[in-house]
file structure32.txt (compact mmCIF, C-alpha atoms and all ligand atoms)
# COMPACT_ATOMS: atom_id res chain seq x y z
CA MET A 15 -18.46 84.25 82.90
CA THR A 16 -22.08 83.04 82.45
CA SER A 17 -24.77 84.74 84.46
CA ASP A 18 -28.00 83.73 82.71
CA ALA A 19 -30.92 82.42 84.75
CA SER A 20 -30.58 78.79 83.57
CA SER A 21 -26.96 78.41 84.73
CA LEU A 22 -27.86 79.97 88.09
CA ALA A 23 -30.80 77.58 88.47
CA THR A 24 -28.56 74.60 87.59
CA SER A 25 -25.92 75.55 90.15
CA ASP A 26 -28.59 76.18 92.81
CA THR A 27 -30.01 72.74 92.09
CA GLY A 28 -26.54 71.21 92.44
CA VAL A 29 -25.96 72.98 95.76
CA LEU A 30 -29.36 71.91 97.09
CA ARG A 31 -28.70 68.32 95.98
CA ASP A 32 -25.35 68.27 97.81
CA GLN A 33 -26.95 69.78 100.92
CA PHE A 34 -29.75 67.21 100.71
CA LEU A 35 -27.34 64.24 100.45
CA SER A 36 -25.22 65.61 103.28
CA ALA A 37 -28.22 66.25 105.55
CA MET A 38 -29.78 62.86 104.73
CA SER A 39 -26.50 61.09 105.49
CA ARG A 40 -26.99 62.23 109.12
CA VAL A 41 -30.43 60.61 109.36
CA PRO A 42 -30.14 57.08 110.80
CA LEU A 43 -31.55 54.26 108.68
CA SER A 44 -32.41 50.69 109.43
CA VAL A 45 -30.88 48.36 106.84
CA ALA A 46 -32.94 45.66 105.14
CA VAL A 47 -32.44 43.08 102.41
CA VAL A 48 -35.48 42.83 100.14
CA VAL A 49 -35.97 39.50 98.33
CA ALA A 50 -38.27 38.87 95.36
CA GLY A 51 -38.61 36.65 92.28
CA ALA A 52 -39.30 33.03 91.39
CA PRO A 53 -38.25 30.36 93.94
CA ASP A 54 -35.38 29.22 91.70
CA ALA A 55 -34.31 32.75 90.68
CA ARG A 56 -34.50 35.03 93.70
CA ILE A 57 -33.08 38.55 93.60
CA ALA A 58 -32.01 40.51 96.71
CA LEU A 59 -31.19 44.19 97.27
CA THR A 60 -30.07 46.22 100.30
CA VAL A 61 -32.37 49.14 101.14
CA GLY A 62 -32.47 51.81 103.82
CA THR A 63 -35.92 53.14 102.98
CA PHE A 64 -38.07 50.63 104.88
CA ILE A 65 -40.91 52.15 106.93
CA SER A 66 -44.20 51.05 108.43
CA VAL A 67 -47.25 52.56 106.71
CA SER A 68 -50.19 51.13 108.67
CA ALA A 69 -51.06 48.53 111.33
CA ASP A 70 -54.72 48.11 110.24
CA PRO A 71 -54.01 46.30 108.00
CA PRO A 72 -50.24 45.83 108.41
CA MET A 73 -48.58 47.63 105.49
CA VAL A 74 -45.00 48.68 104.76
CA LEU A 75 -43.05 50.66 102.16
CA VAL A 76 -39.63 50.54 100.53
CA ALA A 77 -38.22 52.73 97.73
CA VAL A 78 -36.07 51.11 95.03
CA LYS A 79 -34.34 52.59 92.00
CA SER A 80 -36.60 52.34 88.93
CA GLY A 81 -34.16 50.34 86.80
CA SER A 82 -33.38 47.84 89.55
CA PRO A 83 -33.79 44.12 88.71
CA LEU A 84 -35.48 43.84 92.10
CA TYR A 85 -38.27 46.11 90.91
CA SER A 86 -38.78 43.92 87.80
CA ALA A 87 -39.00 40.82 90.01
CA VAL A 88 -41.52 42.47 92.36
CA SER A 89 -43.73 43.74 89.55
CA GLN A 90 -43.70 40.33 87.87
CA HIS A 91 -44.35 38.17 90.95
CA ARG A 92 -46.28 40.74 93.08
CA ARG A 93 -44.55 39.56 96.28
CA PHE A 94 -41.47 40.55 98.30
CA VAL A 95 -39.88 39.84 101.67
CA ILE A 96 -38.18 42.56 103.74
CA ASN A 97 -35.43 41.20 106.01
CA VAL A 98 -34.33 43.83 108.57
CA LEU A 99 -30.66 43.21 109.31
CA SER A 100 -29.14 42.70 112.76
CA CYS A 101 -25.89 44.34 113.89
CA GLY A 102 -23.85 41.25 112.94
CA GLN A 103 -25.03 41.31 109.33
CA VAL A 104 -22.96 44.11 107.73
CA GLU A 105 -21.63 41.51 105.30
CA HIS A 106 -25.17 40.95 103.95
CA SER A 107 -25.72 44.69 103.54
CA GLU A 108 -22.49 44.95 101.55
CA ARG A 109 -23.16 41.85 99.48
CA PHE A 110 -26.70 42.84 98.45
CA SER A 111 -25.68 46.41 97.68
CA GLY A 112 -23.16 45.01 95.20
CA ARG A 113 -19.86 45.62 97.04
CA PRO A 114 -18.96 42.60 99.19
CA ARG A 115 -15.45 42.43 100.68
CA THR A 116 -15.25 38.77 99.68
CA GLY A 117 -17.33 36.52 97.45
CA ARG A 118 -19.74 37.41 94.70
CA PRO A 119 -22.06 40.45 94.74
CA TYR A 120 -25.80 39.77 95.01
CA ASP A 121 -25.20 36.01 95.48
CA LEU A 122 -27.98 34.61 97.69
CA ALA A 123 -26.04 31.36 98.10
CA GLU A 124 -23.51 33.29 100.23
CA ALA A 125 -26.16 33.87 102.95
CA ARG A 126 -28.04 31.44 105.20
CA TRP A 127 -31.81 31.27 104.86
CA ILE A 128 -34.52 29.87 107.13
CA ARG A 129 -35.90 26.74 105.55
CA ALA A 130 -39.68 26.54 105.23
CA ALA A 131 -41.64 23.86 103.39
CA GLY A 132 -41.78 24.54 99.66
CA GLU A 133 -39.91 27.85 99.93
CA THR A 134 -36.30 28.84 99.40
CA GLN A 135 -34.22 31.93 100.15
CA ARG A 136 -36.91 34.22 101.49
CA PHE A 137 -36.28 34.69 105.22
CA LEU A 138 -32.69 35.57 106.12
CA GLU A 139 -31.36 33.69 109.14
CA GLY A 140 -30.50 36.04 112.03
CA ALA A 141 -32.57 39.03 110.82
CA VAL A 142 -34.16 41.32 113.43
CA ALA A 143 -37.52 40.87 111.75
CA ALA A 144 -38.81 39.78 108.36
CA PHE A 145 -42.03 40.76 106.60
CA ASP A 146 -43.52 38.73 103.75
CA CYS A 147 -45.63 41.08 101.61
CA GLU A 148 -48.05 41.12 98.74
CA LEU A 149 -47.54 44.14 96.49
CA VAL A 150 -50.55 46.47 96.70
CA GLU A 151 -49.11 49.49 94.91
CA ALA A 152 -45.99 50.51 92.98
CA ARG A 153 -45.78 54.28 92.54
CA SER A 154 -43.00 55.89 90.45
CA ILE A 155 -41.57 59.08 91.99
CA ALA A 156 -38.56 60.72 90.31
CA SER A 157 -35.73 58.15 90.12
CA HIS A 158 -37.38 55.59 92.43
CA VAL A 159 -40.45 53.38 92.77
CA LEU A 160 -42.32 53.23 96.07
CA LEU A 161 -43.33 49.63 96.74
CA ILE A 162 -46.19 49.33 99.21
CA GLY A 163 -46.88 45.86 100.52
CA ARG A 164 -49.54 44.25 102.69
CA VAL A 165 -47.85 42.03 105.27
CA ASP A 166 -49.03 38.39 105.29
CA GLU A 167 -46.40 36.74 107.46
CA ILE A 168 -43.83 37.93 110.01
CA VAL A 169 -40.70 36.26 111.39
CA ALA A 170 -39.35 38.01 114.50
CA GLY A 171 -35.75 37.67 115.68
CA GLU A 172 -34.03 38.83 118.87
CA ASP A 173 -30.75 40.50 117.94
CA HIS A 174 -29.99 44.25 117.95
CA PRO A 175 -30.63 46.09 114.66
CA LEU A 176 -28.00 47.28 112.22
CA VAL A 177 -28.09 51.07 111.70
CA TYR A 178 -26.54 53.12 108.88
CA CYS A 179 -25.71 56.76 109.65
CA SER A 180 -23.03 59.26 108.56
CA ARG A 181 -21.97 56.73 105.89
CA ALA A 182 -21.02 54.16 108.57
CA TYR A 183 -22.62 51.11 110.15
CA GLY A 184 -23.47 50.98 113.85
CA THR A 185 -26.09 49.76 116.25
CA LEU A 186 -28.28 51.28 118.98
CA SER A 187 -27.44 51.67 122.64
CA PRO A 188 -29.98 53.03 125.15
CA LEU A 189 -29.36 56.47 126.71
CA ALA A 190 -28.89 56.26 130.48
CA GLY A 191 -31.92 57.76 132.24
CA ALA A 192 -34.10 58.03 129.12
CA VAL A 193 -37.23 55.90 128.93
C1 LIG A 201 -27.20 51.13 103.63
C2 LIG A 201 -27.70 51.13 102.21
C3 LIG A 201 -29.00 51.53 101.94
C4 LIG A 201 -29.48 51.54 100.61
N1 LIG A 201 -30.79 51.89 100.38
C5 LIG A 201 -31.31 51.79 99.13
C6 LIG A 201 -32.69 52.03 98.90
O1 LIG A 201 -33.46 52.31 99.82
N2 LIG A 201 -33.16 51.90 97.64
C7 LIG A 201 -32.33 51.57 96.58
O2 LIG A 201 -32.81 51.46 95.44
N3 LIG A 201 -31.01 51.34 96.78
C8 LIG A 201 -30.48 51.43 98.02
N4 LIG A 201 -29.16 51.16 98.23
C9 LIG A 201 -28.31 50.87 97.07
C10 LIG A 201 -28.49 49.44 96.56
O3 LIG A 201 -28.31 48.50 97.60
C11 LIG A 201 -27.44 49.13 95.46
O4 LIG A 201 -26.16 49.43 95.94
C12 LIG A 201 -27.69 49.96 94.22
O5 LIG A 201 -28.99 49.77 93.75
C13 LIG A 201 -26.70 49.55 93.11
O6 LIG A 201 -26.94 50.41 92.05
P1 LIG A 201 -25.97 50.40 90.79
O7 LIG A 201 -26.05 49.00 90.23
O8 LIG A 201 -26.54 51.46 89.92
O9 LIG A 201 -24.59 50.73 91.33
C14 LIG A 201 -28.65 51.15 99.54
C15 LIG A 201 -27.33 50.73 99.82
C16 LIG A 201 -26.86 50.72 101.13
C17 LIG A 201 -25.45 50.25 101.42
call {"tool": "encode", "arguments": {"input": "structure32.txt", "output": "structure tokens"}}
result
Amino acid sequence: MTSDASSLATSDTGVLRDQFLSAMSRVPLSVAVVVAGAPDARIALTVGTFISVSADPPMVLVAVKSGSPLYSAVSQHRRFVINVLSCGQVEHSERFSGRPRTGRPYDLAEARWIRAAGETQRFLEGAVAAFDCELVEARSIASHVLLIGRVDEIVAGEDHPLVYCSRAYGTLSPLAGAV
């Protein structure tokens, strides 16, 4: 049996990590598909770490794994679009997280995009909202990079949002009597 301080510290770290993942799985997330890269070579990735940072000026944040091709595309082109998924878009979440039920993973041609002059595959059709951003800061923290973007353009949709909680997809319904 080993009882030295380093093995105790390692097992404590493992326990805390498991508790952290379990506790975080109970925190509801919005689900977004982030798109970046050259017009003829876009890359897209599902993220649950999208938050608003500021309204004056409008700024947002997402966290992506450091080795992700999406991060390379953002750091090269300095722009990204965050498409917040609606409740009917589970398929997009699965596709752009690399595990689609059918079709090819990460294939942007499998989704429908809003057509704008001179632009391709940036705004996802049917998203709850989409934010076109210029990268203002990329900060490495542990395994991830925090991408902070200043919002230049917004496309607002009307559908209900997709929510990910307890390792399952759902959507929101209002509580009776609550404002
Ligand atoms: C609901 C959901 C939320 C996710 N959120 C993030 C995220 O915020 N940041 C991130 O880097 N990856 C996130 N992922 C994982 C990526 O979409 C993708 O699965 C992962 O980067 C693939 O990594 P791998 O190639 O090492 O398997 C999320 C996946 C899902 C399904």
call {"tool": "atom_distance", "arguments": {"input": "structure32.txt", "atom1": "CA of Arg115 in chain A", "atom2": "atom C5 of ligand LIG 201 (chain A)"}}
result
18.5 Å
call {"tool": "closest_atom_pairs", "arguments": {"input": "structure32.txt", "of": "chain A", "to": "ligand LIG 201 (chain A)", "cutoff": "9 Å", "atoms": "all atoms listed in the file", "output": "JSON lines"}}
result
{"residue": "A:Leu43", "atom": "CA", "partner": "A:LIG201", "partner_atom": "C1", "distance": 7.4}
{"residue": "A:Ser44", "atom": "CA", "partner": "A:LIG201", "partner_atom": "C1", "distance": 7.8}
{"residue": "A:Val45", "atom": "CA", "partner": "A:LIG201", "partner_atom": "C1", "distance": 5.6}
{"residue": "A:Ala46", "atom": "CA", "partner": "A:LIG201", "partner_atom": "C3", "distance": 7.8}
{"residue": "A:Val47", "atom": "CA", "partner": "A:LIG201", "partner_atom": "O3", "distance": 8.3}
{"residue": "A:Ala58", "atom": "CA", "partner": "A:LIG201", "partner_atom": "O3", "distance": 8.8}
{"residue": "A:Leu59", "atom": "CA", "partner": "A:LIG201", "partner_atom": "O3", "distance": 5.2}
{"residue": "A:Thr60", "atom": "CA", "partner": "A:LIG201", "partner_atom": "O3", "distance": 3.9}
{"residue": "A:Val61", "atom": "CA", "partner": "A:LIG201", "partner_atom": "N1", "distance": 3.3}
{"residue": "A:Gly62", "atom": "CA", "partner": "A:LIG201", "partner_atom": "N1", "distance": 3.8}
{"residue": "A:Thr63", "atom": "CA", "partner": "A:LIG201", "partner_atom": "O1", "distance": 4.1}
{"residue": "A:Phe64", "atom": "CA", "partner": "A:LIG201", "partner_atom": "O1", "distance": 7.0}
{"residue": "A:Val76", "atom": "CA", "partner": "A:LIG201", "partner_atom": "O1", "distance": 6.5}
{"residue": "A:Ala77", "atom": "CA", "partner": "A:LIG201", "partner_atom": "N2", "distance": 5.1}
{"residue": "A:Val78", "atom": "CA", "partner": "A:LIG201", "partner_atom": "O2", "distance": 3.3}
{"residue": "A:Lys79", "atom": "CA", "partner": "A:LIG201", "partner_atom": "O2", "distance": 3.9}
{"residue": "A:Ser80", "atom": "CA", "partner": "A:LIG201", "partner_atom": "O2", "distance": 7.6}
{"residue": "A:Gly81", "atom": "CA", "partner": "A:LIG201", "partner_atom": "O8", "distance": 8.3}
{"residue": "A:Ser82", "atom": "CA", "partner": "A:LIG201", "partner_atom": "O5", "distance": 6.4}
{"residue": "A:Pro83", "atom": "CA", "partner": "A:LIG201", "partner_atom": "O5", "distance": 9.0}
{"residue": "A:Leu84", "atom": "CA", "partner": "A:LIG201", "partner_atom": "O2", "distance": 8.7}
{"residue": "A:Tyr85", "atom": "CA", "partner": "A:LIG201", "partner_atom": "O2", "distance": 8.9}
{"residue": "A:Ser107", "atom": "CA", "partner": "A:LIG201", "partner_atom": "C17", "distance": 6.0}
{"residue": "A:Glu108", "atom": "CA", "partner": "A:LIG201", "partner_atom": "C17", "distance": 6.1}
{"residue": "A:Arg109", "atom": "CA", "partner": "A:LIG201", "partner_atom": "O3", "distance": 8.6}
{"residue": "A:Phe110", "atom": "CA", "partner": "A:LIG201", "partner_atom": "O3", "distance": 5.9}
{"residue": "A:Ser111", "atom": "CA", "partner": "A:LIG201", "partner_atom": "O3", "distance": 3.4}
{"residue": "A:Gly112", "atom": "CA", "partner": "A:LIG201", "partner_atom": "O4", "distance": 5.4}
{"residue": "A:Arg113", "atom": "CA", "partner": "A:LIG201", "partner_atom": "O4", "distance": 7.4}
{"residue": "A:His158", "atom": "CA", "partner": "A:LIG201", "partner_atom": "O2", "distance": 6.9}
{"residue": "A:Val159", "atom": "CA", "partner": "A:LIG201", "partner_atom": "O2", "distance": 8.3}
{"residue": "A:Val177", "atom": "CA", "partner": "A:LIG201", "partner_atom": "C1", "distance": 8.1}
{"residue": "A:Tyr178", "atom": "CA", "partner": "A:LIG201", "partner_atom": "C1", "distance": 5.7}
{"residue": "A:Cys179", "atom": "CA", "partner": "A:LIG201", "partner_atom": "C1", "distance": 8.4}
{"residue": "A:Arg181", "atom": "CA", "partner": "A:LIG201", "partner_atom": "C1", "distance": 8.0}
{"residue": "A:Ala182", "atom": "CA", "partner": "A:LIG201", "partner_atom": "C1", "distance": 8.5}
{"residue": "A:Tyr183", "atom": "CA", "partner": "A:LIG201", "partner_atom": "C1", "distance": 8.0}
call {"tool": "atom_distance", "arguments": {"input": "structure32.txt", "atom1": "CA of Val48 in chain A", "atom2": "CA of Ile162 in chain A"}}
result
12.6 Å
call {"tool": "atom_distance", "arguments": {"input": "structure32.txt", "atom1": "CA of Ser180 in chain A", "atom2": "CA of Val98 in chain A"}}
result
19.1 Å
call {"tool": "axis_aligned_box", "arguments": {"input": "structure32.txt", "around": "range 77-86 of chain A", "padding_each_side": "4 Å", "output": "JSON"}}
result
{"center_x": -36.1, "center_y": 48.3, "center_z": 92.3, "size_x": 13.4, "size_y": 16.9, "size_z": 18.9}
call {"tool": "closest_residue", "arguments": {"input": "structure32.txt", "among": "A:Arg129, A:Tyr120, A:Pro188, A:Asn97", "to": "Ala170 in chain A", "atoms": "all atoms listed in the file"}}
result
A:Asn97
call {"tool": "closest_residue", "arguments": {"input": "structure32.txt", "among": "A:Ala87, A:Val29, A:Ala52, A:Cys101", "to": "Leu186 in chain A", "atoms": "all atoms listed in the file"}}
result
A:Cys101
call {"tool": "residues_around", "arguments": {"input": "structure32.txt", "residues": "Arg56 in chain A", "least_positions_apart": "5", "cutoff": "8 Å", "atoms": "all atoms listed in the file", "output": "PyMOL selection string"}}
result
chain A and resi 49-51+122+135
call {"tool": "closest_residue", "arguments": {"input": "structure32.txt", "among": "A:Leu161, A:Thr27, A:Ile168, A:Thr116", "to": "Ala144 in chain A", "atoms": "only C-alpha atoms"}}
result
A:Ile168
call {"tool": "residues_around", "arguments": {"input": "structure32.txt", "residues": "Arg93 in chain A", "least_positions_apart": "5", "cutoff": "6 Å", "atoms": "all atoms listed in the file", "output": "ChimeraX atom specification"}}
result
/A:88,147-149
call {"tool": "decode", "arguments": {"input": "structure32.txt", "residues": "range 94-133 of chain A", "atoms": "N, CA and C atoms", "output": "PDB file, in the first residue's frame"}}
result
ATOM      1  N   PHE A  94     -14.677  35.303 -35.904  1.00  0.00           N
ATOM      2  CA  PHE A  94     -15.477  34.088 -35.708  1.00  0.00           C
ATOM      3  C   PHE A  94     -16.945  34.464 -35.549  1.00  0.00           C
ATOM      4  N   VAL A  95     -17.817  33.514 -35.890  1.00  0.00           N
ATOM      5  CA  VAL A  95     -19.259  33.700 -35.731  1.00  0.00           C
ATOM      6  C   VAL A  95     -19.772  32.658 -34.742  1.00  0.00           C
ATOM      7  N   ILE A  96     -20.571  33.118 -33.767  1.00  0.00           N
ATOM      8  CA  ILE A  96     -21.174  32.216 -32.785  1.00  0.00           C
ATOM      9  C   ILE A  96     -22.648  32.060 -33.140  1.00  0.00           C
ATOM     10  N   ASN A  97     -23.048  30.839 -33.500  1.00  0.00           N
ATOM     11  CA  ASN A  97     -24.443  30.543 -33.838  1.00  0.00           C
ATOM     12  C   ASN A  97     -25.067  29.786 -32.671  1.00  0.00           C
ATOM     13  N   VAL A  98     -25.991  30.421 -31.947  1.00  0.00           N
ATOM     14  CA  VAL A  98     -26.643  29.776 -30.799  1.00  0.00           C
ATOM     15  C   VAL A  98     -27.785  28.899 -31.325  1.00  0.00           C
ATOM     16  N   LEU A  99     -27.720  27.607 -30.999  1.00  0.00           N
ATOM     17  CA  LEU A  99     -28.643  26.653 -31.621  1.00  0.00           C
ATOM     18  C   LEU A  99     -30.050  26.724 -31.026  1.00  0.00           C
ATOM     19  N   SER A 100     -31.036  26.443 -31.870  1.00  0.00           N
ATOM     20  CA  SER A 100     -32.425  26.331 -31.420  1.00  0.00           C
ATOM     21  C   SER A 100     -32.724  24.867 -31.107  1.00  0.00           C
ATOM     22  N   CYS A 101     -33.914  24.644 -30.468  1.00  0.00           N
ATOM     23  CA  CYS A 101     -34.210  23.304 -29.928  1.00  0.00           C
ATOM     24  C   CYS A 101     -34.336  22.237 -31.027  1.00  0.00           C
ATOM     25  N   GLY A 102     -34.523  22.659 -32.279  1.00  0.00           N
ATOM     26  CA  GLY A 102     -34.608  21.679 -33.363  1.00  0.00           C
ATOM     27  C   GLY A 102     -33.267  21.376 -34.011  1.00  0.00           C
ATOM     28  N   GLN A 103     -32.182  21.836 -33.385  1.00  0.00           N
ATOM     29  CA  GLN A 103     -30.877  21.719 -34.064  1.00  0.00           C
ATOM     30  C   GLN A 103     -29.873  20.809 -33.340  1.00  0.00           C
ATOM     31  N   VAL A 104     -30.392  19.786 -32.654  1.00  0.00           N
ATOM     32  CA  VAL A 104     -29.510  18.804 -31.991  1.00  0.00           C
ATOM     33  C   VAL A 104     -28.531  18.200 -33.007  1.00  0.00           C
ATOM     34  N   GLU A 105     -29.055  17.933 -34.195  1.00  0.00           N
ATOM     35  CA  GLU A 105     -28.217  17.324 -35.245  1.00  0.00           C
ATOM     36  C   GLU A 105     -26.957  18.164 -35.507  1.00  0.00           C
ATOM     37  N   HIS A 106     -27.113  19.492 -35.500  1.00  0.00           N
ATOM     38  CA  HIS A 106     -25.932  20.351 -35.725  1.00  0.00           C
ATOM     39  C   HIS A 106     -24.953  20.244 -34.555  1.00  0.00           C
ATOM     40  N   SER A 107     -25.499  20.190 -33.334  1.00  0.00           N
ATOM     41  CA  SER A 107     -24.623  20.062 -32.165  1.00  0.00           C
ATOM     42  C   SER A 107     -23.800  18.778 -32.276  1.00  0.00           C
ATOM     43  N   GLU A 108     -24.473  17.690 -32.652  1.00  0.00           N
ATOM     44  CA  GLU A 108     -23.782  16.405 -32.767  1.00  0.00           C
ATOM     45  C   GLU A 108     -22.767  16.422 -33.912  1.00  0.00           C
ATOM     46  N   ARG A 109     -23.176  16.989 -35.028  1.00  0.00           N
ATOM     47  CA  ARG A 109     -22.272  17.003 -36.190  1.00  0.00           C
ATOM     48  C   ARG A 109     -20.993  17.784 -35.888  1.00  0.00           C
ATOM     49  N   PHE A 110     -21.155  18.985 -35.285  1.00  0.00           N
ATOM     50  CA  PHE A 110     -19.976  19.845 -35.097  1.00  0.00           C
ATOM     51  C   PHE A 110     -19.258  19.581 -33.770  1.00  0.00           C
ATOM     52  N   SER A 111     -19.702  18.508 -33.071  1.00  0.00           N
ATOM     53  CA  SER A 111     -18.874  18.008 -31.968  1.00  0.00           C
ATOM     54  C   SER A 111     -18.221  16.693 -32.387  1.00  0.00           C
ATOM     55  N   GLY A 112     -18.416  16.311 -33.648  1.00  0.00           N
ATOM     56  CA  GLY A 112     -17.691  15.173 -34.205  1.00  0.00           C
ATOM     57  C   GLY A 112     -18.377  13.832 -34.065  1.00  0.00           C
ATOM     58  N   ARG A 113     -19.657  13.806 -33.666  1.00  0.00           N
ATOM     59  CA  ARG A 113     -20.341  12.505 -33.527  1.00  0.00           C
ATOM     60  C   ARG A 113     -21.757  12.550 -34.097  1.00  0.00           C
ATOM     61  N   PRO A 114     -21.880  12.811 -35.402  1.00  0.00           N
ATOM     62  CA  PRO A 114     -23.229  12.838 -36.003  1.00  0.00           C
ATOM     63  C   PRO A 114     -23.809  11.437 -36.117  1.00  0.00           C
ATOM     64  N   ARG A 115     -25.142  11.329 -36.012  1.00  0.00           N
ATOM     65  CA  ARG A 115     -25.781  10.002 -36.183  1.00  0.00           C
ATOM     66  C   ARG A 115     -25.691   9.560 -37.633  1.00  0.00           C
ATOM     67  N   THR A 116     -25.801  10.516 -38.550  1.00  0.00           N
ATOM     68  CA  THR A 116     -25.648  10.193 -39.978  1.00  0.00           C
ATOM     69  C   THR A 116     -24.755  11.258 -40.615  1.00  0.00           C
ATOM     70  N   GLY A 117     -24.188  10.935 -41.741  1.00  0.00           N
ATOM     71  CA  GLY A 117     -23.369  11.908 -42.469  1.00  0.00           C
ATOM     72  C   GLY A 117     -21.991  12.077 -41.866  1.00  0.00           C
ATOM     73  N   ARG A 118     -21.270  13.031 -42.406  1.00  0.00           N
ATOM     74  CA  ARG A 118     -19.859  13.204 -42.019  1.00  0.00           C
ATOM     75  C   ARG A 118     -19.696  14.200 -40.864  1.00  0.00           C
ATOM     76  N   PRO A 119     -18.794  13.893 -39.919  1.00  0.00           N
ATOM     77  CA  PRO A 119     -18.537  14.847 -38.833  1.00  0.00           C
ATOM     78  C   PRO A 119     -17.918  16.139 -39.363  1.00  0.00           C
ATOM     79  N   TYR A 120     -18.275  17.226 -38.733  1.00  0.00           N
ATOM     80  CA  TYR A 120     -17.698  18.553 -39.009  1.00  0.00           C
ATOM     81  C   TYR A 120     -17.909  19.020 -40.458  1.00  0.00           C
ATOM     82  N   ASP A 121     -18.884  18.449 -41.167  1.00  0.00           N
ATOM     83  CA  ASP A 121     -19.085  18.818 -42.575  1.00  0.00           C
ATOM     84  C   ASP A 121     -20.097  19.963 -42.678  1.00  0.00           C
ATOM     85  N   LEU A 122     -19.600  21.163 -43.008  1.00  0.00           N
ATOM     86  CA  LEU A 122     -20.495  22.327 -43.064  1.00  0.00           C
ATOM     87  C   LEU A 122     -21.523  22.206 -44.182  1.00  0.00           C
ATOM     88  N   ALA A 123     -21.219  21.379 -45.204  1.00  0.00           N
ATOM     89  CA  ALA A 123     -22.162  21.217 -46.312  1.00  0.00           C
ATOM     90  C   ALA A 123     -23.428  20.487 -45.864  1.00  0.00           C
ATOM     91  N   GLU A 124     -23.397  19.840 -44.701  1.00  0.00           N
ATOM     92  CA  GLU A 124     -24.568  19.111 -44.202  1.00  0.00           C
ATOM     93  C   GLU A 124     -25.557  20.049 -43.488  1.00  0.00           C
ATOM     94  N   ALA A 125     -25.196  21.318 -43.320  1.00  0.00           N
ATOM     95  CA  ALA A 125     -26.102  22.285 -42.677  1.00  0.00           C
ATOM     96  C   ALA A 125     -26.524  23.334 -43.698  1.00  0.00           C
ATOM     97  N   ARG A 126     -27.608  24.065 -43.365  1.00  0.00           N
ATOM     98  CA  ARG A 126     -28.057  25.147 -44.257  1.00  0.00           C
ATOM     99  C   ARG A 126     -27.629  26.480 -43.664  1.00  0.00           C
ATOM    100  N   TRP A 127     -27.128  27.349 -44.517  1.00  0.00           N
ATOM    101  CA  TRP A 127     -26.552  28.620 -44.082  1.00  0.00           C
ATOM    102  C   TRP A 127     -27.297  29.780 -44.719  1.00  0.00           C
ATOM    103  N   ILE A 128     -27.420  30.887 -44.002  1.00  0.00           N
ATOM    104  CA  ILE A 128     -28.039  32.082 -44.569  1.00  0.00           C
ATOM    105  C   ILE A 128     -27.072  32.660 -45.601  1.00  0.00           C
ATOM    106  N   ARG A 129     -27.619  32.979 -46.753  1.00  0.00           N
ATOM    107  CA  ARG A 129     -26.759  33.497 -47.818  1.00  0.00           C
ATOM    108  C   ARG A 129     -26.675  35.019 -47.716  1.00  0.00           C
ATOM    109  N   ALA A 130     -25.470  35.534 -47.648  1.00  0.00           N
ATOM    110  CA  ALA A 130     -25.266  36.987 -47.673  1.00  0.00           C
ATOM    111  C   ALA A 130     -24.242  37.268 -48.759  1.00  0.00           C
ATOM    112  N   ALA A 131     -24.348  38.444 -49.365  1.00  0.00           N
ATOM    113  CA  ALA A 131     -23.472  38.777 -50.491  1.00  0.00           C
ATOM    114  C   ALA A 131     -22.001  38.600 -50.120  1.00  0.00           C
ATOM    115  N   GLY A 132     -21.282  37.847 -50.929  1.00  0.00           N
ATOM    116  CA  GLY A 132     -19.841  37.701 -50.741  1.00  0.00           C
ATOM    117  C   GLY A 132     -19.422  36.815 -49.584  1.00  0.00           C
ATOM    118  N   GLU A 133     -20.392  36.218 -48.870  1.00  0.00           N
ATOM    119  CA  GLU A 133     -20.037  35.418 -47.700  1.00  0.00           C
ATOM    120  C   GLU A 133     -20.647  34.031 -47.799  1.00  0.00           C
TER     121      GLU A 133
END
